[in-house]
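Listing of my_file12.cif, mmCIF, C-alpha atoms
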```cif
data_run
loop_
_atom_site.label_atom_id
_atom_site.label_comp_id
_atom_site.auth_asym_id
_atom_site.auth_seq_id
_atom_site.Cartn_x
_atom_site.Cartn_y
_atom_site.Cartn_z
CA MET A 113 84.60 210.94 119.19
CA ASN A 114 84.00 214.10 117.24
CA SER A 115 80.26 214.87 117.20
CA ALA A 116 80.58 216.35 113.74
CA THR A 117 81.72 213.04 112.34
CA SER A 118 79.28 210.91 114.31
CA ALA A 119 76.11 212.81 113.37
CA PRO A 120 74.03 211.01 110.75
CA THR A 121 73.98 212.53 107.29
CA ALA A 122 70.71 214.26 106.54
CA VAL A 123 68.70 212.64 103.75
CA ARG A 124 67.61 215.19 101.20
CA ALA A 125 64.04 214.62 100.10
CA ARG A 126 63.41 214.45 96.37
CA PRO A 127 61.85 217.72 95.13
CA THR A 128 58.11 217.48 94.65
CA LEU A 129 55.79 219.07 92.14
CA ARG A 130 54.62 221.37 94.93
CA ASP A 131 58.22 222.56 95.43
CA VAL A 132 58.38 223.38 91.72
CA ALA A 133 55.10 225.30 91.90
CA VAL A 134 56.21 227.34 94.93
CA LEU A 135 59.54 228.26 93.36
CA ALA A 136 57.87 229.16 90.05
CA GLY A 137 55.13 231.16 91.76
CA VAL A 138 52.29 229.19 90.15
CA SER A 139 49.67 226.75 91.34
CA THR A 140 50.44 223.04 91.59
CA LYS A 141 47.89 222.38 88.85
CA THR A 142 49.67 224.79 86.50
CA ALA A 143 53.04 223.22 87.28
CA SER A 144 51.56 219.78 86.56
CA ARG A 145 50.21 220.92 83.20
CA VAL A 146 53.61 222.27 82.16
CA VAL A 147 55.49 219.16 83.29
CA ASN A 148 53.02 216.90 81.45
CA GLY A 149 53.11 218.97 78.28
CA GLU A 150 49.45 219.97 78.42
CA PRO A 151 48.24 223.06 76.53
CA GLY A 152 46.64 226.21 77.91
CA VAL A 153 49.52 227.66 79.94
CA SER A 154 50.99 231.08 79.16
CA PRO A 155 54.57 231.23 77.85
CA SER A 156 55.76 233.18 80.90
CA LYS A 157 54.44 230.54 83.32
CA ILE A 158 55.88 227.75 81.20
CA ALA A 159 59.28 229.42 81.35
CA ALA A 160 59.00 229.91 85.13
CA VAL A 161 58.13 226.25 85.72
CA GLN A 162 60.90 225.04 83.44
CA ARG A 163 63.43 227.20 85.31
CA ALA A 164 62.20 225.76 88.62
CA VAL A 165 62.42 222.20 87.27
CA THR A 166 66.02 222.79 86.22
CA GLN A 167 66.99 224.56 89.45
CA LEU A 168 65.51 221.84 91.67
CA ASP A 169 66.53 218.97 89.37
CA TYR A 170 62.91 217.84 89.61
CA ARG A 171 62.15 214.43 88.07
CA PRO A 172 58.52 213.44 87.61
CA ASN A 173 57.54 210.02 88.93
CA PHE A 174 55.52 208.87 85.93
CA THR A 175 54.55 205.52 87.44
CA ALA A 176 53.17 206.99 90.66
CA SER A 177 51.40 209.82 88.89
CA SER A 178 50.01 207.92 85.90
CA LEU A 179 46.47 207.69 87.23
CA ARG A 180 46.39 211.43 87.86
CA ARG A 181 47.75 212.45 84.47
CA ALA A 182 45.67 213.17 81.38
CA GLY A 183 44.30 209.90 80.02
CA GLY A 184 46.14 207.87 82.68
CA ARG A 185 49.34 207.97 80.60
CA SER A 186 52.56 206.57 82.05
CA ALA A 187 54.89 207.85 79.29
CA ALA A 188 56.07 204.29 78.68
CA ILE A 189 55.54 201.77 75.89
CA ALA A 190 56.11 198.06 76.46
CA ALA A 191 57.86 195.96 73.81
CA VAL A 192 57.41 192.20 74.08
CA LEU A 193 60.10 190.88 71.73
CA GLU A 194 61.40 187.47 70.73
CA ASP A 195 64.96 187.68 72.07
CA LEU A 196 66.72 190.95 72.86
CA ALA A 197 70.08 189.25 72.27
CA ASN A 198 69.12 188.46 68.68
CA PRO A 199 70.28 191.09 66.14
CA PHE A 200 66.76 191.36 64.65
CA SER A 201 65.15 192.05 68.03
CA ALA A 202 67.94 194.41 69.00
CA ALA A 203 67.51 196.49 65.83
CA LEU A 204 63.74 196.54 66.29
CA HIS A 205 64.10 197.65 69.91
CA ARG A 206 66.52 200.43 68.96
CA ALA A 207 64.16 201.79 66.30
CA LEU A 208 61.31 201.88 68.82
CA GLU A 209 63.55 203.56 71.37
CA ASP A 210 64.71 206.23 68.92
CA ALA A 211 61.15 207.10 67.95
CA ALA A 212 59.98 207.13 71.57
CA ARG A 213 62.82 209.39 72.68
CA GLU A 214 61.51 212.13 70.40
CA ARG A 215 58.26 212.03 72.38
CA GLN A 216 60.00 211.77 75.78
CA VAL A 217 58.60 208.28 76.19
CA LEU A 218 60.44 205.25 77.59
CA ILE A 219 60.51 201.75 76.12
CA PHE A 220 60.28 198.78 78.49
CA ALA A 221 61.26 195.51 76.79
CA GLY A 222 61.40 191.82 77.55
CA SER A 223 62.17 188.57 75.69
CA VAL A 224 59.54 185.86 75.21
CA ASP A 225 62.07 183.18 74.12
CA GLU A 226 59.34 181.44 72.06
CA ASN A 227 57.48 180.71 75.30
CA PRO A 228 53.71 181.43 75.13
CA GLN A 229 53.42 181.66 78.90
CA ARG A 230 56.33 184.07 79.03
CA GLU A 231 54.50 186.22 76.47
CA ARG A 232 51.39 186.39 78.66
CA ASP A 233 53.42 187.02 81.81
CA LEU A 234 55.31 189.91 80.22
CA VAL A 235 52.15 191.49 78.84
CA ARG A 236 50.49 191.20 82.25
CA ALA A 237 53.50 192.70 84.04
CA PHE A 238 53.71 195.63 81.64
CA THR A 239 49.98 196.38 81.65
CA MET A 240 49.93 196.29 85.46
CA ARG A 241 52.52 199.05 85.31
CA GLN A 242 50.18 201.17 83.19
CA ALA A 243 52.08 200.92 79.90
CA ASP A 244 50.53 203.34 77.42
CA ALA A 245 50.80 200.87 74.53
CA LEU A 246 52.12 197.44 73.58
CA VAL A 247 54.38 196.30 70.74
CA VAL A 248 54.26 192.51 70.57
CA VAL A 249 56.22 189.84 68.71
CA PRO A 250 54.01 186.90 69.72
CA ALA A 251 55.06 183.39 70.66
CA SER A 252 51.58 181.97 71.32
CA ASP A 253 48.93 181.01 68.77
CA ASP A 254 46.14 183.00 70.40
CA GLN A 255 46.29 186.59 71.58
CA SER A 256 42.60 187.00 72.39
CA TYR A 257 43.64 187.47 76.02
CA LEU A 258 44.56 191.03 75.00
CA MET A 259 40.95 191.99 74.29
CA THR A 260 40.52 193.50 77.75
CA GLU A 261 43.42 195.89 77.14
CA ILE A 262 42.27 196.72 73.62
CA ASN A 263 38.71 197.41 74.77
CA ALA A 264 40.16 199.70 77.45
CA GLY A 265 41.80 201.74 74.68
CA THR A 266 45.40 200.50 74.91
CA PRO A 267 46.99 200.65 71.44
CA VAL A 268 48.57 197.34 70.40
CA VAL A 269 50.76 196.70 67.36
CA PHE A 270 52.11 193.29 66.37
CA VAL A 271 55.48 193.12 64.67
CA ASP A 272 57.10 190.34 62.60
CA ARG A 273 54.24 187.89 63.21
CA PRO A 274 50.51 188.42 62.69
CA PRO A 275 48.09 188.40 65.62
CA ALA A 276 45.76 185.45 66.16
CA GLY A 277 42.36 185.78 67.78
CA LEU A 278 42.01 189.56 67.49
CA SER A 279 42.18 192.38 64.97
CA VAL A 280 44.95 194.93 65.54
CA ASP A 281 47.61 196.66 63.48
CA ALA A 282 50.55 194.53 62.36
CA VAL A 283 53.91 195.30 60.75
CA LEU A 284 55.19 192.26 58.87
CA THR A 285 58.07 191.20 56.63
CA ASP A 286 57.26 189.80 53.19
CA ASN A 287 58.62 186.39 54.20
CA HIS A 288 57.17 184.45 51.28
CA ASP A 289 58.67 186.60 48.54
CA GLY A 290 61.97 186.96 50.39
CA ALA A 291 62.44 183.19 50.57
CA ALA A 292 61.40 182.82 46.94
CA ALA A 293 64.01 185.41 45.91
CA ALA A 294 66.71 183.34 47.65
CA VAL A 295 65.73 180.22 45.71
CA HIS A 296 65.55 182.00 42.35
CA HIS A 297 69.02 183.43 43.02
CA LEU A 298 70.51 180.03 43.78
CA VAL A 299 68.88 178.40 40.77
CA ARG A 300 70.26 181.14 38.49
CA HIS A 301 73.70 180.27 39.79
CA GLY A 302 73.38 176.63 38.78
CA HIS A 303 71.86 174.92 41.81
CA ARG A 304 68.95 172.47 41.85
CA GLU A 305 69.83 170.42 44.95
CA ILE A 306 69.01 173.12 47.48
CA ALA A 307 68.52 172.29 51.14
CA TYR A 308 66.08 174.11 53.39
CA LEU A 309 67.13 174.71 57.00
CA GLY A 310 64.11 176.07 58.85
CA ASP A 311 63.17 177.46 62.23
CA LEU A 312 60.43 176.03 64.45
CA GLN A 313 57.37 175.05 62.42
CA THR A 314 55.16 176.59 65.09
CA ILE A 315 56.39 180.05 64.07
CA PRO A 316 54.24 181.69 61.36
CA THR A 317 57.23 183.36 59.69
CA ALA A 318 59.00 180.01 59.38
CA ARG A 319 55.95 178.52 57.67
CA GLN A 320 55.74 181.49 55.27
CA ARG A 321 59.41 181.19 54.34
CA PHE A 322 59.10 177.46 53.71
CA GLN A 323 56.06 178.06 51.50
CA GLY A 324 58.01 180.62 49.48
CA PHE A 325 60.92 178.17 49.20
CA LYS A 326 58.70 175.35 47.89
CA GLU A 327 56.80 177.50 45.43
CA ALA A 328 59.98 179.00 43.99
CA LEU A 329 61.45 175.54 43.41
CA SER A 330 58.21 174.50 41.74
CA ASP A 331 58.48 177.52 39.42
CA HIS A 332 61.70 175.95 38.12
CA GLY A 333 60.27 172.44 37.92
CA ILE A 334 62.31 171.27 40.90
CA ARG A 335 60.99 168.89 43.53
CA PRO A 336 63.16 169.06 46.68
CA ALA A 337 64.51 165.83 48.10
CA PRO A 338 62.78 165.12 51.43
CA ALA A 339 66.18 164.52 53.03
CA ASN A 340 67.15 168.12 52.18
CA ILE A 341 64.26 169.61 54.18
CA VAL A 342 65.10 170.17 57.83
CA HIS A 343 62.70 171.96 60.20
CA ASP A 344 62.71 172.93 63.87
CA LEU A 345 66.23 174.34 64.03
CA HIS A 346 66.24 177.18 66.52
CA THR A 347 69.85 177.45 67.67
CA GLU A 348 73.28 177.67 66.08
CA ARG A 349 74.15 174.22 67.41
CA ASP A 350 71.01 172.68 65.90
CA ALA A 351 71.86 174.13 62.50
CA GLU A 352 75.51 173.14 62.70
CA GLY A 353 74.58 169.52 63.33
CA ALA A 354 71.97 169.51 60.57
CA VAL A 355 74.46 170.78 57.97
CA ARG A 356 77.02 168.18 58.99
CA ARG A 357 74.45 165.44 58.50
CA LEU A 358 73.28 166.80 55.15
CA LEU A 359 76.80 166.96 53.74
CA ALA A 360 77.63 163.45 54.94
CA THR A 361 74.92 161.84 52.76
CA ASP A 362 75.54 160.12 49.41
CA ALA A 363 73.73 162.94 47.56
CA PRO A 364 74.48 166.13 49.49
CA PRO A 365 72.95 169.46 48.50
CA THR A 366 75.05 171.93 46.55
CA ALA A 367 73.37 174.94 48.15
CA LEU A 368 71.70 175.89 51.43
CA PHE A 369 68.85 178.24 52.21
CA THR A 370 68.97 179.07 55.92
CA SER A 371 65.76 180.70 57.07
CA GLN A 372 66.90 182.55 60.21
CA ASN A 373 70.08 184.35 61.24
CA LEU A 374 71.10 182.00 64.06
CA VAL A 375 70.53 179.04 61.74
CA THR A 376 72.72 180.79 59.16
CA ILE A 377 75.53 181.25 61.67
CA GLY A 378 75.40 177.58 62.69
CA ALA A 379 75.47 176.51 59.04
CA ILE A 380 78.47 178.72 58.32
CA ARG A 381 80.31 177.28 61.29
CA ALA A 382 79.75 173.74 59.98
CA LEU A 383 80.87 174.66 56.47
CA GLN A 384 84.05 176.28 57.78
CA GLN A 385 84.87 173.36 60.04
CA LEU A 386 84.40 170.98 57.11
CA GLY A 387 86.37 173.21 54.74
CA ARG A 388 83.38 173.45 52.40
CA GLN A 389 82.59 177.17 52.64
CA GLN A 390 83.94 177.83 49.12
CA GLN A 391 82.09 174.86 47.63
CA ILE A 392 78.55 174.97 49.06
CA ALA A 393 76.48 178.03 48.19
CA LEU A 394 74.44 179.65 50.93
CA VAL A 395 71.78 182.34 51.15
CA GLY A 396 70.49 183.23 54.61
CA PHE A 397 67.28 184.96 55.62
CA ASP A 398 68.11 187.86 57.98
CA ASP A 399 71.29 189.85 57.96
CA PHE A 400 73.61 189.79 60.96
CA PRO A 401 76.68 191.69 62.18
CA LEU A 402 79.97 190.95 60.39
CA ALA A 403 78.26 188.87 57.68
CA ASP A 404 80.12 190.97 55.10
CA LEU A 405 83.52 190.24 56.67
CA LEU A 406 83.44 186.45 56.50
CA GLN A 407 85.14 184.48 53.74
CA PRO A 408 83.16 184.22 51.63
CA ALA A 409 80.95 187.10 52.71
CA VAL A 410 77.40 185.95 53.32
CA THR A 411 74.62 186.58 50.82
CA VAL A 412 71.41 187.36 52.68
CA ILE A 413 67.77 188.20 52.28
CA ALA A 414 67.80 191.23 54.54
CA GLN A 415 64.79 192.20 56.56
CA ASN A 416 64.47 195.79 57.69
CA PRO A 417 63.79 195.65 61.44
CA SER A 418 64.62 199.34 61.78
CA GLU A 419 61.89 200.29 59.31
CA MET A 420 59.51 197.85 60.99
CA GLY A 421 60.18 199.49 64.35
CA GLN A 422 59.70 202.95 62.88
CA VAL A 423 56.37 201.98 61.31
CA ALA A 424 55.21 200.32 64.53
CA ALA A 425 56.14 203.38 66.59
CA ALA A 426 54.34 205.70 64.16
CA LEU A 427 51.18 203.59 64.41
CA ILE A 428 51.38 203.57 68.21
CA PHE A 429 51.77 207.33 68.51
CA ARG A 430 49.02 208.01 65.98
CA ARG A 431 46.70 205.85 68.09
CA LEU A 432 47.82 207.59 71.28
CA ASP A 433 47.15 210.94 69.62
CA GLY A 434 43.55 209.90 69.08
CA GLU A 435 43.52 208.82 65.42
CA GLN A 436 41.24 205.91 64.56
CA TRP A 437 41.17 203.52 61.61
CA HIS A 438 40.38 199.90 60.87
CA PRO A 439 43.37 197.71 61.86
CA THR A 440 45.63 196.95 58.93
CA ALA A 441 48.73 194.89 58.09
CA HIS A 442 51.75 196.84 56.85
CA LEU A 443 54.11 194.73 54.71
CA VAL A 444 57.81 195.63 54.66
CA ALA A 445 59.82 194.33 51.69
CA THR A 446 63.05 192.35 51.96
CA ARG A 447 66.23 192.96 49.98
CA LEU A 448 68.67 190.48 48.43
CA ILE A 449 72.27 191.44 49.25
CA PRO A 450 74.71 189.39 47.12
CA ARG A 451 78.08 189.15 48.84
CA GLY A 452 79.72 185.93 47.67
CA SER A 453 78.35 182.84 49.42
CA GLY A 454 75.18 182.83 47.33
CA GLU A 455 77.10 183.31 44.09
CA ILE A 456 79.18 180.13 44.30
CA LEU A 457 78.39 178.38 41.03
CA GLY A 458 76.58 175.04 41.03
CA PRO A 459 76.87 172.04 38.69
CA HIS A 460 73.96 173.20 36.52
CA TYR A 461 75.27 176.68 35.80
CA GLY A 462 74.99 177.58 32.11
CA ARG A 463 72.86 174.56 31.22
#
```
Go ahead and render the structure in this file as structure tokens.
Amino acid sequence: MNSATSAPTAVRARPTLRDVAVLAGVSTKTASRVVNGEPGVSPSKIAAVQRAVTQLDYRPNFTASSLRRAGGRSAAIAAVLEDLANPFSAALHRALEDAARERQVLIFAGSVDENPQRERDLVRAFTMRQADALVVVPASDDQSYLMTEINAGTPVVFVDRPPAGLSVDAVLTDNHDGAAAAVHHLVRHGHREIAYLGDLQTIPTARQRFQGFKEALSDHGIRPAPANIVHDLHTERDAEGAVRRLLATDAPPTALFTSQNLVTIGAIRALQQLGRQQQIALVGFDDFPLADLLQPAVTVIAQNPSEMGQVAAALIFRRLDGEQWHPTAHLVATRLIPRGSGEILGPHYGR
């Protein structure tokens, strides 16, 4: 056997910060300050270190070095979101990621799936890994367990749902007025028998949307039929079945308000299977991909998860930069997008 082929391949060690310093002709401390973006280093030394980093393909190990870096930073922000497969969560995550990239910061994300214990487990896992900050879409009804992190100086921003049990910044959708706008739109198009298809009643946003729905109907002197109020729909299948049952009654609704994008999709599927998509008006809360390509295209109350993510990221980085202020709630408006399904005329149009 040829000895050249039988010899083990040498493992090349990953370049260290010391290797960078030696090649650049500076001290390890100076190299560290350049790599971590700290001030007080001359332009010539910065250039030398950057050349060495490129030549060696040096990659800082932020997790291992976090306790030695200024302020214990790990250059990572943790996002605890509802469901990364959901278009709302995906858009929110992307906005956070885009903002973080400009600061050379990573986003770690996980889905809570409406599970309070999963929320706590994710927060614990991320904080153990020295996350610089937390963006949280909560599933539990008490976030006081975060006080230890907050007291330690970790910035926390809640998105989509308000915090409970502590005072921190929050970025929220105007759920009440968005739902009310959907009802006013349907009433203007001749509908009075409007069904409400809602998410889990344990979710604050679902309760806010239902309150807006009820108050808007009351503004028009309409009292909804109890049979047309359906709560605790959290999947497409749940919503599909609910719509089938509603339309099989002796006095079916002429319009639907679906308060969450997956509920909207399930409702549309039921209407199409029943051949009623051109007869029953529908306005959904939350936009979703391809909603404008369906027949009819889907009228929605669109949230702005991208703006919410941008606002949340700005708050996080301002906190990390040392700014201080009393925690506040930032309300992001919704927008009615008429596309066809919400403009199907009802029996009371023109009366």
TODO: Would you list the contacts of region 253-265 of chain A as an MDAnalysis selection string, taking every protein, DNA or RNA residue within 7 Å and counting all atoms listed in the file, but skipping same-chain residues closer than 5 positions in sequence?
DONE: chainID A and resid 275:278
Kindly indicate which residue among A:Pro408, A:Ala203, A:Asp281, A:His303 lies nearest to Arg430 (chain A), using only C-alpha atoms for the distances.
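With only C-alpha atoms as the atom set, the closest residue is A:Asp281.
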> Hey, which of A:Val395, A:Ala164, A:Val268, A:Leu432 ends up closest to Val235 (chain A)? Count all atoms listed in the file.
Replying inline: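 Distance minimum relative to Val235 (chain A) lands on A:Val268.
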Can you translate the PyMOL selection byres ((chain A and resi 337-339) around 10) into the concrete residues it hits in this file, as a PyMOL selection string?
chain A and resi 305-308+334-336+340-342+357-358+361+363-365
In Å and to one decimal, CA of Ala445 (chain A) is distant from CA of Asn416 (chain A) by 7.7 Å
Judged by all atoms listed in the file, the minimum distance to Ile428 (chain A) among A:Val147, A:Ala403, A:Val165, A:Ala190 is found for A:Ala190
* Asked: What does the distance from CA of Pro459 (chain A) to CA of Asp362 (chain A) come to in Å, to one decimal?
  ->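 CA of Asp362 (chain A) lies at a distance of 16.1 Å from CA of Pro459 (chain A).
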Using the chain letters and numbers from the file, which residues does the PyMOL selection byres ((chain A and resi 224) around 9) grab, as a ChimeraX atom specification? /A:192-195,222-223,225-232,234,249-251
message: With the PyMOL selection byres ((chain A and resi 138) around 12) as the selection, what would be picked from this file? Answer as a PyMOL selection string, please.
response: chain A and resi 129-137+139-146+153-154+156-162+164
What is the distance, in Å and to one decimal place, between CA of Leu298 (chain A) and CA of Pro199 (chain A)?
->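 Calculated distance between CA of Leu298 (chain A) and CA of Pro199 (chain A) is 24.9 Å.
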*Taking into account only C-alpha atoms, which residue in the set A:Trp437, A:Phe369, A:Phe400, A:Phe270 is nearest to Phe325 (chain A)?*
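Of A:Trp437, A:Phe369, A:Phe400, A:Phe270, the one nearest Phe325 (chain A), counting only C-alpha atoms, is A:Phe369.
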Between A:Gly353, A:Pro439, A:Pro127, A:Gly333, smallest distance to Ser279 (chain A) by only C-alpha atoms belongs to A:Pro439
Counting all atoms listed in the file, closest pick from A:Ala191, A:Arg447, A:Val299, A:Val247 relative to Ala282 (chain A) is A:Val247
Can you tell me which residues surround Glu209 (chain A) at a distance of at most 9 Å, considering only C-alpha atoms, apart from same-chain residues fewer than 3 positions away, and format the answer as a ChimeraX atom specification? /A:204-206,212-214,217-219,421,425
Q.
List as a PyMOL selection string the protein and nucleic acid residues near Asp433 (chain A), meaning an atom at most 12 Å away when only C-alpha atoms are counted, but skip any in the same chain fewer than 2 places from it.
A. chain A and resi 183+185+215+244-245+265-267+426-431+435-436
Residues from last step as file, C-alpha atoms, as a PDB file, in the coordinates of the input:
```pdb
ATOM      1  CA  GLY A 183      44.300 209.900  80.020  1.00  0.00           C
ATOM      2  CA  ARG A 185      49.340 207.970  80.600  1.00  0.00           C
ATOM      3  CA  ARG A 215      58.260 212.030  72.380  1.00  0.00           C
ATOM      4  CA  ASP A 244      50.530 203.340  77.420  1.00  0.00           C
ATOM      5  CA  ALA A 245      50.800 200.870  74.530  1.00  0.00           C
ATOM      6  CA  GLY A 265      41.800 201.740  74.680  1.00  0.00           C
ATOM      7  CA  THR A 266      45.400 200.500  74.910  1.00  0.00           C
ATOM      8  CA  PRO A 267      46.990 200.650  71.440  1.00  0.00           C
ATOM      9  CA  ALA A 426      54.340 205.700  64.160  1.00  0.00           C
ATOM     10  CA  LEU A 427      51.180 203.590  64.410  1.00  0.00           C
ATOM     11  CA  ILE A 428      51.380 203.570  68.210  1.00  0.00           C
ATOM     12  CA  PHE A 429      51.770 207.330  68.510  1.00  0.00           C
ATOM     13  CA  ARG A 430      49.020 208.010  65.980  1.00  0.00           C
ATOM     14  CA  ARG A 431      46.700 205.850  68.090  1.00  0.00           C
ATOM     15  CA  GLU A 435      43.520 208.820  65.420  1.00  0.00           C
ATOM     16  CA  GLN A 436      41.240 205.910  64.560  1.00  0.00           C
TER      17      GLN A 436
END
```
Please return the centre and edge lengths, in Å to one decimal, of a box with edges along x, y and z that contains all listed atoms of region 294-311 of chain A, widened by 5 Å on every side, as lines of an AutoDock Vina configuration file.
```
center_x = 68.4
center_y = 176.9
center_z = 50.4
size_x = 20.5
size_y = 23.0
size_z = 33.7
```
